[in-house]
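Chemist: This one is query.cif, mmCIF, C-alpha atoms (C1' of nucleotides) and all ligand atoms.
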```cif
data_input
#
loop_
_atom_site.label_atom_id
_atom_site.label_comp_id
_atom_site.auth_asym_id
_atom_site.auth_seq_id
_atom_site.Cartn_x
_atom_site.Cartn_y
_atom_site.Cartn_z
CA MET A 891 132.94 119.17 115.58
CA LEU A 892 133.43 121.54 118.43
CA ARG A 893 129.94 122.90 118.13
CA ILE A 894 127.19 123.29 120.62
CA SER A 895 123.99 121.61 119.53
CA LYS A 896 121.29 123.58 117.78
CA LEU A 897 118.99 123.11 120.73
CA THR A 898 121.52 124.86 122.90
CA ASP A 899 121.84 127.61 120.38
CA TYR A 900 118.08 128.00 120.36
CA GLY A 901 118.26 128.17 124.13
CA THR A 902 120.47 131.23 124.00
CA LEU A 903 118.17 132.86 121.48
CA ILE A 904 115.13 132.14 123.59
CA LEU A 905 116.64 133.31 126.84
CA ALA A 906 118.00 136.42 125.19
CA HIS A 907 114.59 137.18 123.81
CA MET A 908 112.98 136.71 127.18
CA ALA A 909 115.56 138.93 128.76
CA GLY A 910 114.41 141.67 126.43
CA LEU A 911 111.07 141.90 128.24
CA PRO A 912 111.95 140.87 131.76
CA GLY A 913 109.33 139.95 134.30
CA ARG A 914 106.78 139.22 131.62
CA LEU A 915 105.40 135.78 130.91
CA HIS A 916 106.30 134.39 127.52
CA SER A 917 104.36 131.51 126.09
CA ALA A 918 106.19 128.97 124.04
CA ALA A 919 104.01 129.90 121.09
CA GLU A 920 104.91 133.55 121.36
CA LEU A 921 108.61 132.76 121.47
CA ALA A 922 108.36 130.37 118.58
CA GLU A 923 106.60 133.01 116.56
CA ALA A 924 109.05 135.73 117.46
CA LEU A 925 112.13 133.67 116.77
CA GLY A 926 110.86 131.80 113.75
CA LEU A 927 111.34 128.43 115.37
CA GLY A 928 108.99 125.47 115.52
CA LEU A 929 106.66 125.46 118.48
CA PRO A 930 107.42 121.88 119.54
CA THR A 931 111.09 122.65 119.42
CA VAL A 932 110.78 125.77 121.51
CA SER A 933 108.63 123.86 123.94
CA LYS A 934 111.20 121.19 124.30
CA VAL A 935 113.96 123.65 124.98
CA LEU A 936 111.90 125.55 127.52
CA LYS A 937 110.96 122.41 129.34
CA THR A 938 114.58 121.48 129.67
CA LEU A 939 115.55 124.96 130.77
CA GLY A 940 112.78 124.72 133.33
CA ARG A 941 114.07 121.45 134.65
CA HIS A 942 117.41 123.14 135.21
CA ALA A 943 115.76 126.11 136.88
CA LEU A 944 116.82 128.71 134.36
CA VAL A 945 113.21 129.56 133.67
CA SER A 946 110.12 128.91 135.71
CA SER A 947 106.77 128.13 134.26
CA GLN A 948 103.20 129.10 134.90
CA ARG A 949 100.72 126.57 133.66
CA GLY A 950 97.20 127.00 132.45
CA ALA A 951 95.59 129.71 130.43
CA HIS A 952 97.74 132.81 130.21
CA GLY A 953 100.61 130.77 131.43
CA GLY A 954 104.13 130.97 130.13
CA TYR A 955 107.75 131.16 131.13
CA VAL A 956 109.86 133.72 132.97
CA LEU A 957 113.53 133.86 133.77
CA THR A 958 114.17 132.71 137.30
CA ARG A 959 117.16 134.96 137.73
CA ALA A 960 118.35 138.20 136.27
CA ALA A 961 119.83 137.95 132.82
CA GLU A 962 123.16 139.03 134.28
CA GLN A 963 123.23 135.86 136.33
CA ILE A 964 122.73 133.42 133.52
CA THR A 965 125.91 132.51 131.72
CA VAL A 966 126.37 130.74 128.47
CA ALA A 967 127.97 127.93 130.43
CA ASP A 968 124.74 127.56 132.38
CA ILE A 969 122.78 127.22 129.19
CA ILE A 970 125.15 124.63 127.84
CA ASP A 971 125.04 122.67 131.07
CA ALA A 972 121.27 122.66 130.91
CA LEU A 973 120.81 121.71 127.30
CA GLU A 974 123.73 119.50 126.40
CA ASP A 975 123.30 116.12 127.93
CA GLN A 976 126.84 114.95 127.96
CA PRO A 977 129.01 116.38 130.70
CA PHE A 978 131.20 119.29 129.78
CA GLY A 979 134.52 118.47 128.14
CA LEU A 980 136.13 118.58 124.73
CA THR A 981 137.05 114.93 124.67
CA GLU A 982 135.34 111.86 125.99
CA CYS A 983 138.27 111.01 128.24
CA SER A 984 138.40 114.43 129.76
CA ALA A 985 134.68 114.86 130.30
CA SER A 986 134.26 112.15 132.90
CA ALA A 987 136.53 109.89 134.87
CA GLY A 988 136.80 106.16 134.53
CA VAL A 989 135.79 105.80 130.93
CA CYS A 990 139.17 105.34 129.37
CA SER A 991 141.11 102.20 130.04
CA MET A 992 144.42 103.97 129.92
CA GLU A 993 143.36 106.84 132.06
CA SER A 994 145.85 106.16 134.81
CA ASP A 995 148.96 106.40 132.69
CA CYS A 996 147.68 108.80 130.09
CA ARG A 997 149.78 111.89 129.83
CA ILE A 998 147.39 113.75 127.58
CA ARG A 999 144.30 113.72 129.70
CA ASP A 1000 145.50 116.30 132.16
CA ASN A 1001 146.10 118.73 129.35
CA TRP A 1002 142.58 118.35 128.17
CA LEU A 1003 141.34 118.98 131.66
CA ARG A 1004 143.15 122.29 131.64
CA ILE A 1005 141.89 123.21 128.23
CA ASN A 1006 138.39 122.36 129.32
CA THR A 1007 138.71 124.68 132.25
CA VAL A 1008 139.86 127.58 130.16
CA VAL A 1009 137.09 127.05 127.66
CA ARG A 1010 134.53 126.85 130.38
CA GLN A 1011 135.73 130.07 131.90
CA ALA A 1012 135.30 131.79 128.61
CA LEU A 1013 131.75 130.52 128.48
CA GLN A 1014 131.10 131.60 132.03
CA SER A 1015 132.27 135.09 131.32
CA VAL A 1016 129.38 135.85 128.99
CA THR A 1017 125.86 136.26 130.29
CA VAL A 1018 122.49 136.50 128.67
CA ALA A 1019 122.45 140.15 129.62
CA ASP A 1020 125.63 140.67 127.62
CA MET A 1021 123.92 139.12 124.65
CA VAL A 1022 120.99 141.46 124.91
CA HIS A 1023 122.32 144.97 125.15
CA PRO A 1024 124.76 146.03 122.51
CA ASP A 1025 127.09 148.42 124.24
CA ALA A 1026 128.50 148.02 127.68
CA PRO A 1027 131.89 147.33 129.22
CA SER A 1028 132.80 144.12 127.51
CA PRO A 1029 134.93 141.79 129.60
CA LEU A 1030 136.11 139.61 126.78
CA ALA A 1031 136.91 142.75 124.88
CA ARG A 1032 139.37 144.24 127.32
CA GLY A 1033 142.52 142.26 127.05
CA LEU A 1034 140.93 138.88 127.00
CA VAL A 1035 140.57 138.64 123.28
CA SER A 1036 143.12 139.49 120.65
CA ASN A 1037 140.51 139.38 117.95
CA GLU A 1038 142.05 137.35 115.25
CA PRO A 1039 139.59 136.55 112.50
CA ALA A 1040 137.04 134.05 113.66
CA SER A 1041 134.71 132.99 110.90
CA HIS A 1042 130.96 132.82 111.08
CA ARG A 1043 127.99 131.19 109.50
CA MET A 1044 124.51 130.54 110.68
CA HIS A 1045 122.82 130.89 113.97
CA GLY A 1046 119.74 129.40 115.53
CA PRO A 1047 117.64 128.71 112.49
CA ALA A 1048 118.66 125.71 110.54
CA ARG A 1049 116.50 123.60 108.32
CA LEU A 1050 112.92 124.73 108.67
CA GLY A 1051 112.07 127.32 106.08
CA SER A 1052 110.04 129.13 108.67
CA ARG A 1053 113.01 129.65 110.89
CA ALA A 1054 114.64 131.72 108.24
CA ALA A 1055 112.65 134.71 109.39
CA ALA A 1056 113.09 135.49 113.07
CA THR A 1057 113.19 139.18 112.52
CA SER A 1058 112.22 140.39 115.94
CA LEU A 1059 114.73 138.19 117.66
CA ALA A 1060 116.01 139.53 120.88
CA ALA A 1061 119.70 139.56 121.33
CA CYS A 1062 122.90 139.64 119.50
CA ILE A 1063 125.34 142.40 119.58
CA PRO A 1064 128.69 141.87 121.17
CA THR A 1065 128.87 142.52 124.79
CA PRO A 1066 130.28 139.99 127.15
CA ARG A 1067 129.93 140.71 130.82
CA ALA A 1068 131.98 142.62 133.26
CA ASP A 1069 132.45 140.80 136.53
CA ASP A 1070 134.12 137.49 137.24
CA GLN A 1071 136.79 137.01 134.63
CA GLU A 1072 140.47 137.48 134.99
CA ILE A 1073 141.17 134.46 132.86
CA MET B 421 127.86 118.61 122.19
CA LEU B 422 130.93 120.74 122.47
CA ARG B 423 133.20 117.83 121.75
CA ILE B 424 135.91 117.39 119.22
CA SER B 425 135.41 114.34 117.05
CA LYS B 426 137.08 111.09 117.90
CA LEU B 427 139.19 111.31 114.82
CA THR B 428 140.59 114.57 116.07
CA ASP B 429 141.22 113.03 119.43
CA TYR B 430 143.06 110.18 117.75
CA GLY B 431 145.04 112.79 115.87
CA THR B 432 146.38 114.24 119.10
CA LEU B 433 147.25 110.80 120.37
CA ILE B 434 149.04 109.93 117.16
CA LEU B 435 150.98 113.16 116.93
CA ALA B 436 151.92 112.96 120.57
CA HIS B 437 153.17 109.46 120.07
CA MET B 438 155.22 110.48 117.08
CA ALA B 439 156.64 113.39 119.00
CA GLY B 440 158.00 110.87 121.47
CA LEU B 441 160.45 109.55 118.89
CA PRO B 442 161.11 112.57 116.75
CA GLY B 443 162.82 112.33 113.38
CA ARG B 444 161.92 108.69 113.04
CA LEU B 445 159.54 107.33 110.46
CA HIS B 446 156.40 105.81 111.88
CA SER B 447 154.28 103.53 109.76
CA ALA B 448 150.56 103.64 110.18
CA ALA B 449 150.65 100.03 111.28
CA GLU B 450 153.17 100.75 114.00
CA LEU B 451 151.12 103.61 115.35
CA ALA B 452 147.92 101.62 115.24
CA GLU B 453 149.61 98.86 117.17
CA ALA B 454 151.12 101.19 119.73
CA LEU B 455 147.93 103.12 120.36
CA GLY B 456 145.52 100.25 120.14
CA LEU B 457 143.58 101.80 117.29
CA GLY B 458 142.43 100.26 114.04
CA LEU B 459 144.89 100.46 111.20
CA PRO B 460 142.42 101.87 108.67
CA THR B 461 141.43 104.52 111.12
CA VAL B 462 144.97 105.54 111.88
CA SER B 463 145.66 105.61 108.17
CA LYS B 464 142.78 107.89 107.54
CA VAL B 465 143.85 110.31 110.22
CA LEU B 466 147.43 110.36 109.01
CA LYS B 467 146.38 110.99 105.45
CA THR B 468 144.36 113.98 106.54
CA LEU B 469 147.16 115.27 108.72
CA GLY B 470 149.42 114.90 105.73
CA ARG B 471 147.11 116.89 103.53
CA HIS B 472 147.31 119.67 106.05
CA ALA B 473 151.06 119.44 106.24
CA LEU B 474 151.30 118.45 109.88
CA VAL B 475 153.07 115.25 108.94
CA SER B 476 154.90 114.32 105.79
CA SER B 477 154.93 110.90 104.33
CA GLN B 478 157.44 108.62 102.77
CA ARG B 479 155.92 106.04 100.48
CA GLY B 480 157.10 102.61 99.56
CA ALA B 481 158.79 99.96 101.60
CA HIS B 482 160.08 101.29 104.91
CA GLY B 483 158.01 104.33 104.41
CA GLY B 484 156.02 106.07 107.07
CA TYR B 485 155.19 109.43 108.53
CA VAL B 486 157.20 112.12 110.31
CA LEU B 487 156.22 115.39 111.87
CA THR B 488 156.91 118.25 109.51
CA ARG B 489 157.61 120.66 112.32
CA ALA B 490 158.83 120.46 115.87
CA ALA B 491 156.24 119.29 118.36
CA GLU B 492 156.44 122.71 119.99
CA GLN B 493 155.08 124.25 116.83
CA ILE B 494 152.00 122.12 116.50
CA THR B 495 149.10 123.37 118.54
CA VAL B 496 145.89 121.64 119.41
CA ALA B 497 144.13 124.25 117.31
CA ASP B 498 146.19 123.12 114.32
CA ILE B 499 145.08 119.57 114.83
CA ILE B 500 141.48 120.56 115.10
CA ASP B 501 141.68 122.69 111.98
CA ALA B 502 143.16 119.78 110.12
CA LEU B 503 140.77 117.08 111.23
CA GLU B 504 137.45 118.76 111.77
CA ASP B 505 135.88 119.59 108.47
CA GLN B 506 133.56 122.33 109.55
CA PRO B 507 135.16 125.71 110.08
CA PHE B 508 135.99 126.61 113.64
CA GLY B 509 133.18 128.07 115.73
CA LEU B 510 130.85 127.03 118.49
CA THR B 511 127.67 127.83 116.59
CA GLU B 512 126.74 127.55 112.98
CA CYS B 513 126.09 131.26 112.67
CA SER B 514 129.38 132.21 114.18
CA ALA B 515 131.49 129.74 112.24
CA SER B 516 130.96 131.26 108.82
CA ALA B 517 129.34 134.34 107.42
CA GLY B 518 126.26 134.46 105.30
CA VAL B 519 124.52 131.37 106.52
CA CYS B 520 121.99 132.93 108.80
CA SER B 521 119.16 134.94 107.37
CA MET B 522 119.10 137.27 110.31
CA GLU B 523 122.80 137.77 110.48
CA SER B 524 122.67 141.48 109.80
CA ASP B 525 120.50 142.43 112.72
CA CYS B 526 121.52 139.65 115.07
CA ARG B 527 122.81 140.94 118.35
CA ILE B 528 124.06 137.59 119.56
CA ARG B 529 126.39 136.65 116.80
CA ASP B 530 129.12 139.05 117.75
CA ASN B 531 129.25 137.57 121.20
CA TRP B 532 129.80 134.15 119.79
CA LEU B 533 132.59 135.49 117.64
CA ARG B 534 134.32 136.71 120.76
CA ILE B 535 133.77 133.48 122.59
CA ASN B 536 135.12 131.60 119.63
CA THR B 537 138.25 133.66 119.70
CA VAL B 538 138.87 133.04 123.35
CA VAL B 539 138.32 129.34 122.96
CA ARG B 540 140.61 129.21 120.00
CA GLN B 541 143.34 130.98 121.89
CA ALA B 542 143.12 128.41 124.62
CA LEU B 543 143.52 125.70 122.02
CA GLN B 544 146.45 127.50 120.44
CA SER B 545 148.22 127.76 123.73
CA VAL B 546 148.77 124.04 124.02
CA THR B 547 151.21 122.23 121.76
CA VAL B 548 151.93 118.62 121.06
CA ALA B 549 155.18 119.07 122.92
CA ASP B 550 153.23 120.10 125.99
CA MET B 551 151.25 116.93 125.71
CA VAL B 552 154.35 114.80 125.61
CA HIS B 553 156.52 115.83 128.49
CA PRO B 554 154.90 115.90 131.89
CA ASP B 555 156.63 118.67 133.72
CA ALA B 556 157.57 122.03 132.30
CA PRO B 557 156.49 125.62 132.72
CA SER B 558 152.82 125.33 131.97
CA PRO B 559 151.29 128.41 130.38
CA LEU B 560 147.71 127.54 131.11
CA ALA B 561 148.78 126.78 134.62
CA ARG B 562 150.15 130.17 135.51
CA GLY B 563 147.22 132.45 135.96
CA LEU B 564 145.31 131.34 132.93
CA VAL B 565 143.40 128.67 134.68
CA SER B 566 141.65 128.83 138.01
CA ASN B 567 141.26 125.11 138.10
CA GLU B 568 137.68 124.62 139.02
CA PRO B 569 136.64 121.00 138.78
CA ALA B 570 136.41 119.94 135.17
CA SER B 571 135.13 116.44 134.78
CA HIS B 572 136.65 113.71 132.67
CA ARG B 573 135.82 110.48 130.97
CA MET B 574 137.31 108.62 128.11
CA HIS B 575 139.97 109.45 125.62
CA GLY B 576 140.92 108.18 122.23
CA PRO B 577 139.69 104.62 122.33
CA ALA B 578 136.00 104.23 121.97
CA ARG B 579 134.20 101.24 120.66
CA LEU B 580 136.71 98.75 119.36
CA GLY B 581 137.69 96.31 122.04
CA SER B 582 141.22 96.38 120.78
CA ARG B 583 141.54 100.05 121.39
CA ALA B 584 141.06 99.50 125.06
CA ALA B 585 144.73 98.71 125.35
CA ALA B 586 147.04 101.44 124.07
CA THR B 587 149.47 101.06 126.89
CA SER B 588 152.52 102.55 125.30
CA LEU B 589 150.69 105.63 124.18
CA ALA B 590 152.77 108.66 123.94
CA ALA B 591 151.56 111.75 125.62
CA CYS B 592 149.35 113.02 128.33
CA ILE B 593 150.45 114.83 131.35
CA PRO B 594 149.50 118.41 131.81
CA THR B 595 151.84 120.85 130.30
CA PRO B 596 150.58 123.53 128.02
CA ARG B 597 153.12 125.65 126.25
CA ALA B 598 154.97 128.75 127.16
CA ASP B 599 155.10 131.23 124.32
CA ASP B 600 152.26 133.05 122.59
CA GLN B 601 149.55 133.41 125.15
CA GLU B 602 148.57 136.40 127.12
CA ILE B 603 144.92 135.66 126.70
"C1'" DC C 418 83.50 123.27 131.96
"C1'" DT C 419 86.06 124.92 128.32
"C1'" DA C 420 89.99 126.91 126.31
"C1'" DT C 421 94.82 127.63 126.83
"C1'" DA C 422 99.23 126.48 127.92
"C1'" DC C 423 102.83 123.66 130.18
"C1'" DA C 424 104.66 118.48 131.22
"C1'" DG C 425 106.07 114.15 129.92
"C1'" DT C 426 106.89 110.39 126.94
"C1'" DA C 427 107.85 108.22 123.04
"C1'" DC C 428 109.00 108.03 118.52
"C1'" DC C 429 110.80 108.90 113.77
"C1'" DA C 430 113.74 110.93 110.37
"C1'" DA C 431 117.80 113.12 108.94
"C1'" DT C 432 122.40 114.04 109.51
"C1'" DT C 433 126.94 113.14 111.01
"C1'" DT C 434 130.62 110.26 112.39
"C1'" DA C 435 133.20 106.21 112.56
"C1'" DG C 436 135.01 102.62 110.57
"C1'" DT C 437 136.02 99.33 106.60
"C1'" DA C 438 137.18 97.65 101.96
"C1'" DC C 439 139.28 97.95 97.77
"C1'" DT C 440 142.30 99.80 94.28
"C1'" DT C 441 146.30 102.51 92.86
"C1'" DT C 442 150.83 104.55 93.24
"C1'" DT C 443 155.46 104.77 95.05
"C1'" DA C 444 159.75 103.17 96.65
"C1'" DA C 445 163.10 99.83 98.51
"C1'" DT C 446 165.47 95.47 97.98
"C1'" DG C 447 167.31 91.26 96.36
"C1'" DC D 479 163.07 93.65 87.13
"C1'" DA D 480 160.02 91.22 90.22
"C1'" DT D 481 158.45 91.41 94.77
"C1'" DT D 482 157.05 93.47 98.71
"C1'" DA D 483 155.90 97.17 102.00
"C1'" DA D 484 153.72 101.14 102.67
"C1'" DA D 485 151.02 105.33 101.60
"C1'" DA D 486 147.06 107.57 98.60
"C1'" DG D 487 142.73 107.67 96.96
"C1'" DT D 488 137.92 106.44 96.55
"C1'" DA D 489 133.82 104.68 97.95
"C1'" DC D 490 130.75 102.54 100.86
"C1'" DT D 491 128.39 100.79 105.11
"C1'" DA D 492 126.98 100.95 109.69
"C1'" DA D 493 126.30 103.17 113.93
"C1'" DA D 494 125.33 107.00 116.84
"C1'" DT D 495 123.58 111.44 117.55
"C1'" DT D 496 120.50 115.14 116.77
"C1'" DG D 497 116.63 117.42 115.53
"C1'" DG D 498 112.06 117.52 115.20
"C1'" DT D 499 107.15 115.79 115.82
"C1'" DA D 500 103.08 113.62 117.82
"C1'" DC D 501 100.38 112.37 121.45
"C1'" DT D 502 98.68 112.25 126.02
"C1'" DG D 503 98.26 114.23 130.49
"C1'" DT D 504 97.75 118.09 133.94
"C1'" DA D 505 96.93 122.63 135.66
"C1'" DT D 506 94.74 127.19 135.68
"C1'" DA D 507 91.97 131.24 134.14
"C1'" DG D 508 87.63 132.84 133.19
S1 LIG E 1 120.65 134.02 114.78
FE1 LIG E 1 122.25 135.42 115.21
S2 LIG E 1 123.47 135.27 113.40
FE2 LIG E 1 122.06 133.62 113.14
S1 LIG E 2 142.71 109.31 129.16
FE1 LIG E 2 141.91 108.16 127.49
S2 LIG E 2 143.64 108.19 126.12
FE2 LIG E 2 144.23 109.64 127.64
#
```
Could the structure of this file be written out as structure tokens, please?
Modeler:
Amino acid sequence: MLRISKLTDYGTLILAHMAGLPGRLHSAAELAEALGLGLPTVSKVLKTLGRHALVSSQRGAHGGYVLTRAAEQITVADIIDALEDQPFGLTECSASAGVCSMESDCRIRDNWLRINTVVRQALQSVTVADMVHPDAPSPLARGLVSNEPASHRMHGPARLGSRAAATSLAACIPTPRADDQEI
Amino acid sequence: MLRISKLTDYGTLILAHMAGLPGRLHSAAELAEALGLGLPTVSKVLKTLGRHALVSSQRGAHGGYVLTRAAEQITVADIIDALEDQPFGLTECSASAGVCSMESDCRIRDNWLRINTVVRQALQSVTVADMVHPDAPSPLARGLVSNEPASHRMHGPARLGSRAAATSLAACIPTPRADDQEI
DNA sequence: CTATACAGTACCAATTTAGTACTTTTAATG
DNA sequence: CATTAAAAGTACTAAATTGGTACTGTATAG
């Protein structure tokens, strides 16, 4: 359905929140509380992010997680790579080689590869830092986007009633980053 | 998982195949045969495409489907809109308004809206015609894409053994379109 | 040595997606 | 006008994925 999974969405929320208070340790419980998500769920996401070296963890009492790099260096593409298990690609055929029997004489596959690349570049052009602070030179804004109506619905929180809260939540306003994108 | 559904993938295959013999009527059975897909499945996809006016149908004996517009006028985004039921958007929050409780003070949502727009533009820049003929001035190619390695795997055919064939299949090679995109 | 917090594994439940079956309507053809 | 080919519609079933939870283990602070 051309959606990232909820876990991935939670990942952006969590990282954005952490980026709000950089350098500090954040326990899974604290994040869960702040974002209105279930503790086990937050834990799971953090563990995975840890495995992909986006956060590092401190065990034991007063332990917690910190970002391993500056928020400016973590792109949405990184988060997706960490949390989505399938390899990046809009179609099965175009996500990995050797899966489709007709791959050799398929004329469509190459197109998907191109589309994938463009999409990925869009995702790489937005960092966690962009998510956090509202105003700043927005890369997607200048020329990249023509801003036709894109609809919207619901973010991180999904079915748990608790999640419906998440008032303090860290990041949101629109501010893609300003370096590597001349898409 | 940031994938389009298989049905949508089949849709591109089907439309591309039809674009190969334009003007002609194609029965669902013929297409199923040619693409190595199940007849009921192809039928389902065609019905949906019909409902969204991408193909028109002729009932009765010797009936079938034809494209309603030139292949150049049907974009991948059109196909996705027709076959995916959820509204376009990478996250739930950003796909429709009013679903997330914290929408008003969410700083992240706006970023997703931008990302959605960019992604959509990429999808709008490729037409069925591009999918069909191999070589031609490729819009995504010139400047739009930096061509970093994007992986690949498997296309239309998935679990039916029959689908593994699809030799004649219509379209594939890389050739996005050349009009409306200055992303 | 106890409390806190991360790590890993495994599992279960809910949703979504894919695919099939069956019935009805429409049109061509002899 | 009967027969046949093909699409339209409806509904259902089965499979795969996702989301979420529970439990057990390990490390560290105090
Ligand atoms: S959490 Fe940002 S709009 Fe839902
Ligand atoms: S590569 Fe699988 S159908 Fe094109």
Chemist: Taking (141.5, 107.0, 103.0) in the file's coordinates, which residues come within 10 Å, counting all atoms listed in the file, written as a list of chain:residue names?
Modeler: B:Pro460, B:Thr461, B:Val462, B:Ser463, B:Lys464, B:Val465, B:Leu466, B:Lys467, B:Thr468, D:DA485, D:DA486, D:DG487, D:DT488, D:DA489
Chemist: Show me, as a short mmCIF file (atom, residue, chain, number, x, y, z; two decimals) with C-alpha atoms (C1' of nucleotides), keeping the file's coordinate frame, the residues that have an atom within 12 Å of DC429 of chain C when counting all atoms listed in the file, minus same-chain residues fewer than 2 positions from it.
Modeler:
```
data_model
loop_
_atom_site.label_atom_id
_atom_site.label_comp_id
_atom_site.auth_asym_id
_atom_site.auth_seq_id
_atom_site.Cartn_x
_atom_site.Cartn_y
_atom_site.Cartn_z
"C1'" DA C 427 107.85 108.22 123.04
"C1'" DA C 431 117.80 113.12 108.94
"C1'" DT D 496 120.50 115.14 116.77
"C1'" DG D 497 116.63 117.42 115.53
"C1'" DG D 498 112.06 117.52 115.20
"C1'" DT D 499 107.15 115.79 115.82
"C1'" DA D 500 103.08 113.62 117.82
#
```
Chemist: Distance limit 12 Å, atoms considered: all atoms listed in the file. Which chain B residues sit that close to chain C? Return them as JSON, numbers by chain.
Modeler: {"B": [424, 425, 426, 427, 428, 430, 457, 458, 459, 460, 461, 462, 463, 464, 465, 477, 478, 479, 480, 481, 482, 483, 484, 504, 505, 506, 577, 578, 579, 580]}
Chemist: Report, in Å with one decimal, the straight-line distance from atom CA of Met1021 of chain A to atom CA of Ile1005 of chain A.
Modeler: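 Interatomic distance here is 24.3 Å.
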Chemist: Tell me the residues of chain D close to chain A, meaning within 6 Å using only C-alpha atoms (C1' of nucleotides), as a VMD selection string.
Modeler: chain D and resid 505 to 507
Chemist: Could you work out an axis-aligned box for ligand LIG 2 (chain E), taking every atom the file lists and adding 5 Å on each side, and report centre and edge lengths in Å to one decimal, as lines of an AutoDock Vina configuration file?
Modeler:
```
center_x = 143.1
center_y = 108.9
center_z = 127.6
size_x = 12.3
size_y = 11.5
size_z = 13.0
```
Chemist: Would you mind reading off the distance between atom CA of Ala1019 of chain A and atom CA of Glu962 of chain A, one decimal, in Å?
Modeler: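 Taking atom CA of Ala1019 of chain A and atom CA of Glu962 of chain A, their separation equals 4.8 Å.
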Chemist: Identify which of the residues B:Leu455, B:Leu533, B:Leu441, B:Ala490 lies closest to ligand LIG 2 (chain E), counting only C-alpha atoms and all ligand atoms when measuring atom-to-atom distances.
Modeler: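 Closest candidate: B:Leu455.
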Chemist: Please compute the atom CA of Val1009 of chain A-atom CA of Thr495 of chain B distance, one decimal, in Å.
Modeler: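 Result for atom CA of Val1009 of chain A versus atom CA of Thr495 of chain B: 15.5 Å, one decimal.
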Chemist: So, with all atoms listed in the file as the atoms that count, which of B:Ala448, B:Leu435, B:Val496, B:Ala515 lies closest to chain A?
Modeler: B:Ala515
Chemist: Under the rule that only C-alpha atoms are counted, which of B:Cys513, B:Val475, B:Ala491, B:Ala449 is the nearest residue to chain A?
Modeler: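 Under the stated criterion, the closest residue is B:Cys513.
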Chemist: For each of A:Ala967, A:Leu1013, A:Ile998, A:Val1008, take the minimum atom-to-atom distance to chain B, counting all atoms listed in the file, then give the residue where this is smallest.
Modeler: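 Of all the options, A:Ile998 lies closest to chain B.
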Chemist: Between B:Ser514, B:Asn536, B:Gln493, B:Asn531, single out the one closest to Val1022 of chain A, counting all atoms listed in the file.
Modeler: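 Of all the options, B:Asn531 lies closest to Val1022 of chain A.
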Chemist: Report as a tab-separated table the residues of chain A within 10 Å of ligand LIG 2 (chain E), each with its shortest atom pair and distance in Å (one decimal), using all atoms listed in the file, ordered by chain and increasing residue number.
Modeler:
```
residue	atom	partner	partner_atom	distance
A:Thr981	CA	E:LIG2	FE1	8.8
A:Glu982	CA	E:LIG2	FE1	7.7
A:Cys983	CA	E:LIG2	FE1	4.7
A:Ser984	CA	E:LIG2	S1	6.7
A:Ala985	CA	E:LIG2	S1	9.8
A:Ser986	CA	E:LIG2	S1	9.7
A:Ala987	CA	E:LIG2	S1	8.4
A:Gly988	CA	E:LIG2	S1	8.6
A:Val989	CA	E:LIG2	FE1	7.4
A:Cys990	CA	E:LIG2	FE1	4.4
A:Ser991	CA	E:LIG2	FE1	6.5
A:Met992	CA	E:LIG2	FE1	5.5
A:Glu993	CA	E:LIG2	S1	3.9
A:Ser994	CA	E:LIG2	S1	7.2
A:Asp995	CA	E:LIG2	FE2	7.6
A:Cys996	CA	E:LIG2	FE2	4.3
A:Arg997	CA	E:LIG2	FE2	6.4
A:Ile998	CA	E:LIG2	FE2	5.2
A:Arg999	CA	E:LIG2	FE2	4.6
A:Asp1000	CA	E:LIG2	S1	8.1
A:Asn1001	CA	E:LIG2	FE2	9.4
A:Trp1002	CA	E:LIG2	FE2	8.9
```
Chemist: Go through A:Leu892, A:Leu980, A:Ile970, A:Ala943 and flag the residue nearest Thr1017 of chain A, using all atoms listed in the file for the distances.
Modeler: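 Nearest to Thr1017 of chain A: A:Ile970.
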